[in-house]
2 protein chains.
Amino acid sequence: MQRILSAQLSAHVHEKVTIAGWVHRRRLLKSVAFLIVRDAEGLSQVVVTDGAAREQLERLTEESVVEVTALVTANAQAPGGVELVEPSVREMSAVRVPLPFDLHRPALTAGLPAQLDHAALALRHRTRARSLRIAAAATAGFRKALEEQRFVEIQTPKIVESATESGANVFRLDYFGRPGYLAQSPQFYKQLMVGVFERVFEVGPVFRAEPSDTGRHLAQYTSLDAEMGFVTDHRDVMAALTRTLAGMIAEVAQRTGFSESSVPEEIPAVHFTEALRIAGAPEDEPDLAPAHERAVGEWALREHGSEFVFVTGYPMRKRPFYTHPDPSRPGFSNGFDLLFRGMEIVTGGQRLHRYEDYLAALDGRVEAYQGYLDGFRYGMPPHGGWAIGLERFVARLTGAANVREVTAFPRDLHRIAP
Amino acid sequence: MQRILSAQLSAHVHEKVTIAGWVHRRRLLKSVAFLIVRDAEGLSQVVVTDGAAREQLERLTEESVVEVTALVTANAQAPGGVELVEPSVREMSAVRVPLPFDLHRPALTAGLPAQLDHAALALRHRTRARSLRIAAAATAGFRKALEEQRFVEIQTPKIVESATESGANVFRLDYFGRPGYLAQSPQFYKQLMVGVFERVFEVGPVFRAEPSDTGRHLAQYTSLDAEMGFVTDHRDVMAALTRTLAGMIAEVAQRTGFSESSVPEEIPAVHFTEALRIAGAPEDEPDLAPAHERAVGEWALREHGSEFVFVTGYPMRKRPFYTHPDPSRPGFSNGFDLLFRGMEIVTGGQRLHRYEDYLAALDGRVEAYQGYLDGFRYGMPPHGGWAIGLERFVARLTGAANVREVTAFPRDLHRIAP
């Protein structure tokens, strides 16, 4: 008999059906017993009254996989208004070890390290699975919004001959006997592809040998990258990003029903120097510390009713060499960050587009970059782009304190498995 | 003035407009000169008659980036039926070196190595850019077809603690002072995620330290992975794959107009032993060589009018340890390959789903896999999946002889840049 899903049961009242899934919970009362089966779409309640069936149920273990053939009956008390009676249960895959934690409680009681040690199990919990569904929806919304804006998807190398962002925090590997590095970003490649398609995006892993063990750093994360040509300056990039973020949040709401944030038509923007003032930081600070970002986030919510705020014009000395300077304000850049609920989730800006400017910016350190720089010899328009950290975005959106809570199998200083 | 695209010109006849793009070609005739500007959507013809403008045009170089403000006029002889007259041209980014090859000819005259050395330039050529657009469309079609079939997108680690597919051909790296490996596939992770969402897919890079220097191998390629639970056997997987391939080819046709192949309602399937017979190979061959694949591909086209053919039941000894055996035929598996025009572009099959079966299959080599195997202790349904090599798929579809021709910045034995 063709298996149906829990969510389809109510369309089959009075019919005999087959469902399949995991033993989510058993409730063994005196006169009756219940088997709750979980599948991808939700839960089904199976009522067991028969003696032999009850004996079988008593031997079943949570998370074992079962197939249940039974009659669907209406019961206003049951979840979804239906339950299954007169079941015959077939065990497809038995769990023979104790579970390290329960999955049927509203929240996972295990601490984060135990959850990560047993990720394949923990991710089955409603809260963890929901975050990953939100991540999938956000990613789909990212692509959809960009394709509507004429961006073309690209795939670029993750093994490179030199560090993209900085010589620190880069993973080294043996590439057929030569040194290679894991790409810290698709930065150069997406820039070069502006020469081909004008507007490009990439969704892919980036790698940071990040020695800091914080709730917002991962050694591998998913970067939602975009780059666009023929911009006037970074403001065109910010406008495209605003539209893209709105698309992401709309897609999350549409696919998952999770809708606790909204992107204003125009996201408020403050210059870096103003951000320092708002945060009460000394005016010679070269960057915003996490506490400063929180203060600016609170300011944007208070003054503009926005959970998002752009900080523009970061000092050149704190931005990577490919950053375009602000022509009107020496020492400052056309680079920006986007803060969401007081945390940086996007870095972006206008880039240098002339070969000569790269030569000057690299100040002689050209050799390691020659393969990439060549592209700038052959005509590149003014361009800019951004990178959204997917896990940070989802953590902010769902209120998770640690990016590891919204990452399937996180990689960090201490963790390379599972 | 707001820039418009070449494709929009015909809607602006008699108007003054601004276009921008690359100097694709100049034609300096005696009485008149033409500037052909290329943008993301196509070409625009600019007519130059004025003496000063002509002098400027003579100094311009191919691939420099220009902005042109001019009057749109109808001309049935011009490409798209319109041309631009009375132009004023602003150079945004000048090319000051000779180009290693021309871009305006119908085919790139440079050999593949020169194209790859100057990839940022070569990819601008119509034929190369088209292949990447086809790859983007195929990827979008893959996702769309799978989401219609309830698959959820996932992102999984690319740094792992042990080789996924085999100990050979794996890149080693230094992971915070410990050994780590680049993932050869998302195999274990997508299997574990079947426990969460039942059906999952991932589009991402995979890494093979492939020592063979052929037209079908890359050190990094894009793998279109899917995995699905609650299957009866590999045939359910093949049905979902068939539907997905049809969606990919439809999306390519819809987005790019490229439509030279079609997926039959049911793709013909031959058992491995039958495939050997068709190929005229000895019956004790453990695998299909490229020549055998070509013969089976020709057979499928001749006998079934299909460019696609499944080969099922590969011998267990040539398949990875997670492969599910064929219960009715000892020594053979529920694993399959899909050949497209005589080349393997997909590998898939049913997997083991019981912890005990993994212990037996690994024959004691459990330790390296313990992090992954734990998931199978906690209840996994019968499942299977596949991996499509995106570059191979696009190469077959477009008739490219070498996967490097359809890869933006390929990585191989000899190449780590650009």
# chains A, B, ... in the order shown; residues from 1 in each chain; ligands from 1
$ residues_around --residues "Arg143 of chain B" --least-positions-apart "6" --cutoff "12 Å" --atoms "only C-alpha atoms" --output "PDB file with C-alpha atoms, in the first residue's frame"
ATOM      1  CA  ALA A 136      16.826  26.655   3.105  1.00  0.00           C
ATOM      2  CA  THR A 139      18.708  30.706   0.512  1.00  0.00           C
ATOM      3  CA  ALA A 140      15.918  30.132  -1.987  1.00  0.00           C
ATOM      4  CA  ARG A 143      18.450  33.306  -5.336  1.00  0.00           C
ATOM      5  CA  LYS A 144      14.962  34.259  -6.400  1.00  0.00           C
TER       6      LYS A 144
ATOM      7  CA  ALA B 136      23.135  27.967 -13.881  1.00  0.00           C
ATOM      8  CA  ALA B 137      19.824  27.026 -15.499  1.00  0.00           C
ATOM      9  CA  GLN B 149       9.130  16.498  -4.826  1.00  0.00           C
ATOM     10  CA  ARG B 150       9.406  17.684  -1.173  1.00  0.00           C
ATOM     11  CA  PHE B 151      13.213  17.710  -0.962  1.00  0.00           C
ATOM     12  CA  VAL B 152      14.789  20.231   1.444  1.00  0.00           C
ATOM     13  CA  GLU B 153      18.081  21.972   0.663  1.00  0.00           C
ATOM     14  CA  ILE B 154      21.004  21.388   3.025  1.00  0.00           C
ATOM     15  CA  VAL B 200      17.259  16.366   1.000  1.00  0.00           C
ATOM     16  CA  PHE B 201      19.453  17.857  -1.677  1.00  0.00           C
ATOM     17  CA  GLU B 202      22.682  19.801  -1.803  1.00  0.00           C
ATOM     18  CA  VAL B 203      24.466  21.732  -4.526  1.00  0.00           C
ATOM     19  CA  LEU B 224      24.143  17.929  -7.465  1.00  0.00           C
ATOM     20  CA  ASP B 225      23.302  15.566  -4.643  1.00  0.00           C
ATOM     21  CA  ALA B 226      19.986  14.182  -3.480  1.00  0.00           C
ATOM     22  CA  LEU B 241      16.107  11.220 -10.715  1.00  0.00           C
ATOM     23  CA  ARG B 243      11.811  13.486 -13.068  1.00  0.00           C
ATOM     24  CA  THR B 244      14.606  15.751 -11.831  1.00  0.00           C
ATOM     25  CA  LEU B 245      16.627  15.432 -15.037  1.00  0.00           C
ATOM     26  CA  GLY B 247      13.147  19.406 -14.920  1.00  0.00           C
ATOM     27  CA  MET B 248      16.770  20.387 -15.466  1.00  0.00           C
ATOM     28  CA  GLU B 251      14.719  24.788 -17.231  1.00  0.00           C
TER      29      GLU B 251
END
$ select_by_dssp --residues "segment 99-271 of chain A" --states "alpha helix (DSSP H)" --output "PyMOL selection string"
chain A and resi 112-117+119-122+126-148+187-197+234-256
$ closest_residue --among "B:Val47, B:Gln56, B:Pro290, B:Val13" --to "Gly81 of chain B" --atoms "only C-alpha atoms"
B:Val13
$ residues_around --residues "Ala387 of chain B" --least-positions-apart "3" --cutoff "9 Å" --atoms "only C-alpha atoms" --output "MDAnalysis selection string"
chainID B and resid 185 187 223:227 345:348
$ atom_distance --atom1 "atom CA of Glu62 of chain A" --atom2 "atom CA of Val23 of chain A"
4.9 Å
$ select_by_dssp --residues "segment 137-341 of chain A" --states "strand (DSSP E)" --output "NGL selection string"
:A and (152-153 or 159-160 or 172-175 or 178-182 or 199-207 or 220-229 or 269-271 or 308-312 or 335-340)
$ write_last_selection --atoms "C-alpha atoms" --output "compact mmCIF listing (two decimals), in the first residue's frame"
# COMPACT_ATOMS: atom_id res chain seq x y z
CA VAL A 152 23.47 34.83 -12.81
CA GLU A 153 24.52 31.99 -10.53
CA ILE A 159 41.07 25.77 -3.55
CA VAL A 160 43.19 28.82 -4.35
CA ARG A 172 46.60 25.31 4.09
CA LEU A 173 46.50 22.10 2.10
CA ASP A 174 48.69 19.94 -0.04
CA TYR A 175 47.59 20.43 -3.66
CA ARG A 178 52.20 22.27 -4.02
CA PRO A 179 50.81 24.56 -1.33
CA GLY A 180 47.15 25.47 -1.69
CA TYR A 181 44.63 27.32 0.46
CA LEU A 182 40.93 27.01 1.12
CA ARG A 199 25.76 40.60 -12.12
CA VAL A 200 26.54 37.30 -10.43
CA PHE A 201 25.82 35.43 -7.23
CA GLU A 202 27.13 32.36 -5.50
CA VAL A 203 25.93 30.28 -2.58
CA GLY A 204 28.75 28.22 -1.20
CA PRO A 205 31.04 27.30 1.65
CA VAL A 206 33.84 29.60 2.74
CA PHE A 207 36.58 28.68 5.15
CA GLN A 220 33.18 26.82 7.56
CA TYR A 221 30.07 28.81 6.85
CA THR A 222 27.69 29.37 3.97
CA SER A 223 28.31 32.65 2.21
CA LEU A 224 25.57 34.26 0.13
CA ASP A 225 27.67 36.31 -2.26
CA ALA A 226 26.67 38.78 -4.93
CA GLU A 227 28.59 41.19 -7.12
CA MET A 228 27.29 43.75 -9.64
CA GLY A 229 28.85 45.95 -12.28
CA ALA A 269 22.36 54.12 7.06
CA VAL A 270 24.89 55.87 9.28
CA HIS A 271 28.46 56.76 8.48
CA PHE A 308 18.43 46.55 10.10
CA VAL A 309 20.98 49.35 9.82
CA PHE A 310 23.80 50.04 7.39
CA VAL A 311 27.09 51.39 8.67
CA THR A 312 28.96 52.97 5.75
CA GLY A 335 32.63 49.79 2.22
CA PHE A 336 29.67 49.02 4.43
CA ASP A 337 28.41 46.50 6.94
CA LEU A 338 24.79 45.64 7.55
CA LEU A 339 23.79 45.04 11.15
CA PHE A 340 20.71 42.95 11.94
$ closest_residue --among "B:Ala94, B:Ala74, B:Ala395, B:Ala295" --to "chain A" --atoms "only C-alpha atoms"
B:Ala94
$ atom_distance --atom1 "atom CA of Thr109 of chain A" --atom2 "atom CA of Ile134 of chain A"
21.9 Å
$ residues_around --residues "Leu288 of chain A" --least-positions-apart "6" --cutoff "12 Å" --atoms "only C-alpha atoms" --output "JSON, numbers by chain"
{"A": [271, 272, 273, 274, 275, 276, 277, 278, 279, 280, 281, 282, 294, 295, 296, 297, 311, 312, 313, 314, 315, 318, 336, 337, 338, 339, 342, 343, 344]}
$ write_last_selection --atoms "N, CA and C atoms" --output "compact mmCIF listing (two decimals), in the first residue's frame"
# COMPACT_ATOMS: atom_id res chain seq x y z
N HIS A 271 27.03 56.83 8.78
CA HIS A 271 28.46 56.76 8.48
C HIS A 271 29.19 56.20 9.70
N PHE A 272 30.30 55.56 9.44
CA PHE A 272 31.11 54.96 10.50
C PHE A 272 31.41 55.94 11.64
N THR A 273 31.75 57.16 11.28
CA THR A 273 32.10 58.14 12.32
C THR A 273 30.89 58.45 13.21
N GLU A 274 29.73 58.48 12.59
CA GLU A 274 28.49 58.70 13.31
C GLU A 274 28.16 57.48 14.19
N ALA A 275 28.43 56.30 13.66
CA ALA A 275 28.18 55.07 14.42
C ALA A 275 29.02 55.05 15.70
N LEU A 276 30.26 55.49 15.58
CA LEU A 276 31.12 55.56 16.77
C LEU A 276 30.50 56.50 17.81
N ARG A 277 30.02 57.63 17.33
CA ARG A 277 29.42 58.62 18.22
C ARG A 277 28.19 58.02 18.92
N ILE A 278 27.32 57.36 18.12
CA ILE A 278 26.12 56.72 18.69
C ILE A 278 26.50 55.71 19.76
N ALA A 279 27.57 54.94 19.47
CA ALA A 279 27.99 53.88 20.39
C ALA A 279 28.78 54.43 21.57
N GLY A 280 29.06 55.74 21.54
CA GLY A 280 29.85 56.32 22.62
C GLY A 280 31.29 55.85 22.61
N ALA A 281 31.79 55.50 21.43
CA ALA A 281 33.17 55.01 21.31
C ALA A 281 34.11 56.17 20.99
N PRO A 282 35.37 56.06 21.33
CA PRO A 282 36.35 57.09 20.97
C PRO A 282 36.38 57.27 19.46
N ARG A 294 25.93 46.50 18.84
CA ARG A 294 24.66 46.40 19.59
C ARG A 294 24.06 47.78 19.82
N ALA A 295 24.92 48.74 20.18
CA ALA A 295 24.43 50.10 20.45
C ALA A 295 23.83 50.73 19.19
N VAL A 296 24.49 50.52 18.06
CA VAL A 296 23.98 51.08 16.80
C VAL A 296 22.67 50.39 16.42
N GLY A 297 22.61 49.09 16.67
CA GLY A 297 21.37 48.36 16.40
C GLY A 297 20.21 48.90 17.24
N VAL A 311 26.01 50.50 8.26
CA VAL A 311 27.09 51.39 8.67
C VAL A 311 28.00 51.52 7.45
N THR A 312 28.19 52.74 6.99
CA THR A 312 28.96 52.97 5.75
C THR A 312 30.29 53.64 6.08
N GLY A 313 31.17 53.67 5.10
CA GLY A 313 32.38 54.48 5.21
C GLY A 313 33.40 53.99 6.23
N TYR A 314 33.50 52.69 6.42
CA TYR A 314 34.53 52.17 7.34
C TYR A 314 35.91 52.67 6.93
N PRO A 315 36.80 52.88 7.89
CA PRO A 315 38.16 53.33 7.54
C PRO A 315 38.85 52.36 6.59
N LYS A 318 40.99 49.34 7.85
CA LYS A 318 40.39 48.12 8.39
C LYS A 318 39.68 47.30 7.33
N PHE A 336 30.71 48.96 3.42
CA PHE A 336 29.67 49.02 4.43
C PHE A 336 29.51 47.67 5.12
N ASP A 337 28.91 47.71 6.28
CA ASP A 337 28.41 46.50 6.94
C ASP A 337 26.91 46.68 7.12
N LEU A 338 26.20 45.57 7.18
CA LEU A 338 24.79 45.64 7.55
C LEU A 338 24.64 44.94 8.90
N LEU A 339 24.07 45.65 9.85
CA LEU A 339 23.79 45.04 11.15
C LEU A 339 22.33 44.62 11.19
N GLY A 342 21.62 44.29 15.80
CA GLY A 342 22.85 44.61 16.51
C GLY A 342 24.03 43.73 16.22
N MET A 343 23.97 42.93 15.16
CA MET A 343 25.15 42.12 14.80
C MET A 343 25.39 42.21 13.30
N GLU A 344 26.66 42.31 12.92
CA GLU A 344 27.03 42.34 11.51
C GLU A 344 26.70 41.00 10.87
$ residues_around --residues "Ala135 of chain A" --least-positions-apart "6" --cutoff "12 Å" --atoms "only C-alpha atoms" --output "count of residues only"
35
$ residues_around --residues "Met380 of chain B" --least-positions-apart "2" --cutoff "10 Å" --atoms "only C-alpha atoms" --output "PDB file with N, CA and C atoms, in the first residue's frame"
ATOM      1  N   GLY A  21       7.357   6.320   9.573  1.00  0.00           N
ATOM      2  CA  GLY A  21       8.135   7.380  10.215  1.00  0.00           C
ATOM      3  C   GLY A  21       8.859   6.858  11.441  1.00  0.00           C
ATOM      4  N   TRP A  22       9.178   7.781  12.322  1.00  0.00           N
ATOM      5  CA  TRP A  22       9.947   7.452  13.507  1.00  0.00           C
ATOM      6  C   TRP A  22       9.025   7.356  14.732  1.00  0.00           C
ATOM      7  N   GLU A  63      12.524   6.487  18.284  1.00  0.00           N
ATOM      8  CA  GLU A  63      13.325   6.750  17.071  1.00  0.00           C
ATOM      9  C   GLU A  63      13.496   5.533  16.160  1.00  0.00           C
ATOM     10  N   SER A  64      12.978   4.366  16.586  1.00  0.00           N
ATOM     11  CA  SER A  64      12.946   3.274  15.616  1.00  0.00           C
ATOM     12  C   SER A  64      12.040   3.682  14.462  1.00  0.00           C
ATOM     13  N   VAL A  65      12.308   3.136  13.292  1.00  0.00           N
ATOM     14  CA  VAL A  65      11.491   3.469  12.119  1.00  0.00           C
ATOM     15  C   VAL A  65      10.429   2.392  11.941  1.00  0.00           C
ATOM     16  N   VAL A  66       9.201   2.833  11.797  1.00  0.00           N
ATOM     17  CA  VAL A  66       8.087   1.889  11.673  1.00  0.00           C
ATOM     18  C   VAL A  66       7.192   2.255  10.493  1.00  0.00           C
ATOM     19  N   MET A  92      10.865  -1.199  10.765  1.00  0.00           N
ATOM     20  CA  MET A  92      11.762  -1.186   9.606  1.00  0.00           C
ATOM     21  C   MET A  92      13.219  -1.060  10.029  1.00  0.00           C
ATOM     22  N   SER A  93      13.456  -0.429  11.171  1.00  0.00           N
ATOM     23  CA  SER A  93      14.824  -0.165  11.596  1.00  0.00           C
ATOM     24  C   SER A  93      14.759   0.106  13.102  1.00  0.00           C
ATOM     25  N   ALA A  94      15.364  -0.786  13.886  1.00  0.00           N
ATOM     26  CA  ALA A  94      15.195  -0.725  15.341  1.00  0.00           C
ATOM     27  C   ALA A  94      16.339   0.024  16.017  1.00  0.00           C
ATOM     28  N   VAL A  95      16.002   0.820  17.019  1.00  0.00           N
ATOM     29  CA  VAL A  95      17.026   1.457  17.851  1.00  0.00           C
ATOM     30  C   VAL A  95      17.308   0.544  19.038  1.00  0.00           C
TER      31      VAL A  95
ATOM     32  N   GLN B 191      22.866  11.397   3.873  1.00  0.00           N
ATOM     33  CA  GLN B 191      22.176  10.232   4.434  1.00  0.00           C
ATOM     34  C   GLN B 191      21.628  10.548   5.824  1.00  0.00           C
ATOM     35  N   LEU B 192      22.470  11.140   6.671  1.00  0.00           N
ATOM     36  CA  LEU B 192      22.019  11.456   8.033  1.00  0.00           C
ATOM     37  C   LEU B 192      20.831  12.416   8.007  1.00  0.00           C
ATOM     38  N   MET B 193      20.831  13.328   7.043  1.00  0.00           N
ATOM     39  CA  MET B 193      19.747  14.314   6.976  1.00  0.00           C
ATOM     40  C   MET B 193      18.436  13.705   6.481  1.00  0.00           C
ATOM     41  N   VAL B 194      18.497  12.498   5.905  1.00  0.00           N
ATOM     42  CA  VAL B 194      17.256  11.769   5.616  1.00  0.00           C
ATOM     43  C   VAL B 194      16.502  11.517   6.927  1.00  0.00           C
ATOM     44  N   GLY B 195      17.252  11.354   8.005  1.00  0.00           N
ATOM     45  CA  GLY B 195      16.642  11.184   9.320  1.00  0.00           C
ATOM     46  C   GLY B 195      15.915  12.423   9.819  1.00  0.00           C
ATOM     47  N   VAL B 196      16.197  13.553   9.218  1.00  0.00           N
ATOM     48  CA  VAL B 196      15.578  14.817   9.642  1.00  0.00           C
ATOM     49  C   VAL B 196      14.427  15.213   8.702  1.00  0.00           C
ATOM     50  N   GLU B 198      13.666  13.458   5.593  1.00  0.00           N
ATOM     51  CA  GLU B 198      13.313  12.362   4.684  1.00  0.00           C
ATOM     52  C   GLU B 198      13.910  12.537   3.292  1.00  0.00           C
ATOM     53  N   GLY B 229      14.405   9.069   1.676  1.00  0.00           N
ATOM     54  CA  GLY B 229      14.087   7.954   2.568  1.00  0.00           C
ATOM     55  C   GLY B 229      12.789   7.263   2.178  1.00  0.00           C
ATOM     56  N   PHE B 230      12.532   6.121   2.848  1.00  0.00           N
ATOM     57  CA  PHE B 230      11.308   5.357   2.633  1.00  0.00           C
ATOM     58  C   PHE B 230      11.154   4.918   1.183  1.00  0.00           C
ATOM     59  N   LEU B 352      22.885   1.154   2.490  1.00  0.00           N
ATOM     60  CA  LEU B 352      22.620   0.445   3.748  1.00  0.00           C
ATOM     61  C   LEU B 352      21.929   1.418   4.697  1.00  0.00           C
ATOM     62  N   HIS B 353      21.011   0.904   5.528  1.00  0.00           N
ATOM     63  CA  HIS B 353      20.359   1.810   6.478  1.00  0.00           C
ATOM     64  C   HIS B 353      20.395   1.298   7.906  1.00  0.00           C
ATOM     65  N   ARG B 354      20.925   0.091   8.126  1.00  0.00           N
ATOM     66  CA  ARG B 354      20.984  -0.439   9.490  1.00  0.00           C
ATOM     67  C   ARG B 354      22.421  -0.379   9.992  1.00  0.00           C
ATOM     68  N   TYR B 355      22.555   0.037  11.235  1.00  0.00           N
ATOM     69  CA  TYR B 355      23.872   0.158  11.857  1.00  0.00           C
ATOM     70  C   TYR B 355      24.659  -1.152  11.739  1.00  0.00           C
ATOM     71  N   GLY B 375      24.641   8.066  13.698  1.00  0.00           N
ATOM     72  CA  GLY B 375      23.308   8.412  13.199  1.00  0.00           C
ATOM     73  C   GLY B 375      22.488   7.192  12.825  1.00  0.00           C
ATOM     74  N   PHE B 376      23.172   6.155  12.342  1.00  0.00           N
ATOM     75  CA  PHE B 376      22.460   4.952  11.909  1.00  0.00           C
ATOM     76  C   PHE B 376      22.012   4.094  13.089  1.00  0.00           C
ATOM     77  N   ARG B 377      22.524   4.410  14.257  1.00  0.00           N
ATOM     78  CA  ARG B 377      22.057   3.716  15.470  1.00  0.00           C
ATOM     79  C   ARG B 377      20.673   4.189  15.875  1.00  0.00           C
ATOM     80  N   TYR B 378      20.324   5.391  15.421  1.00  0.00           N
ATOM     81  CA  TYR B 378      19.113   6.037  15.942  1.00  0.00           C
ATOM     82  C   TYR B 378      17.945   5.985  14.969  1.00  0.00           C
ATOM     83  N   PRO B 382      14.930   2.795   5.013  1.00  0.00           N
ATOM     84  CA  PRO B 382      15.573   2.453   3.734  1.00  0.00           C
ATOM     85  C   PRO B 382      15.652   3.710   2.883  1.00  0.00           C
ATOM     86  N   HIS B 383      16.803   3.939   2.274  1.00  0.00           N
ATOM     87  CA  HIS B 383      16.969   5.190   1.537  1.00  0.00           C
ATOM     88  C   HIS B 383      17.985   5.036   0.416  1.00  0.00           C
TER      89      HIS B 383
END
$ closest_residue --among "B:Asp357, B:Glu86, B:Glu266, B:Asp39" --to "chain A" --atoms "only C-alpha atoms"
B:Asp39
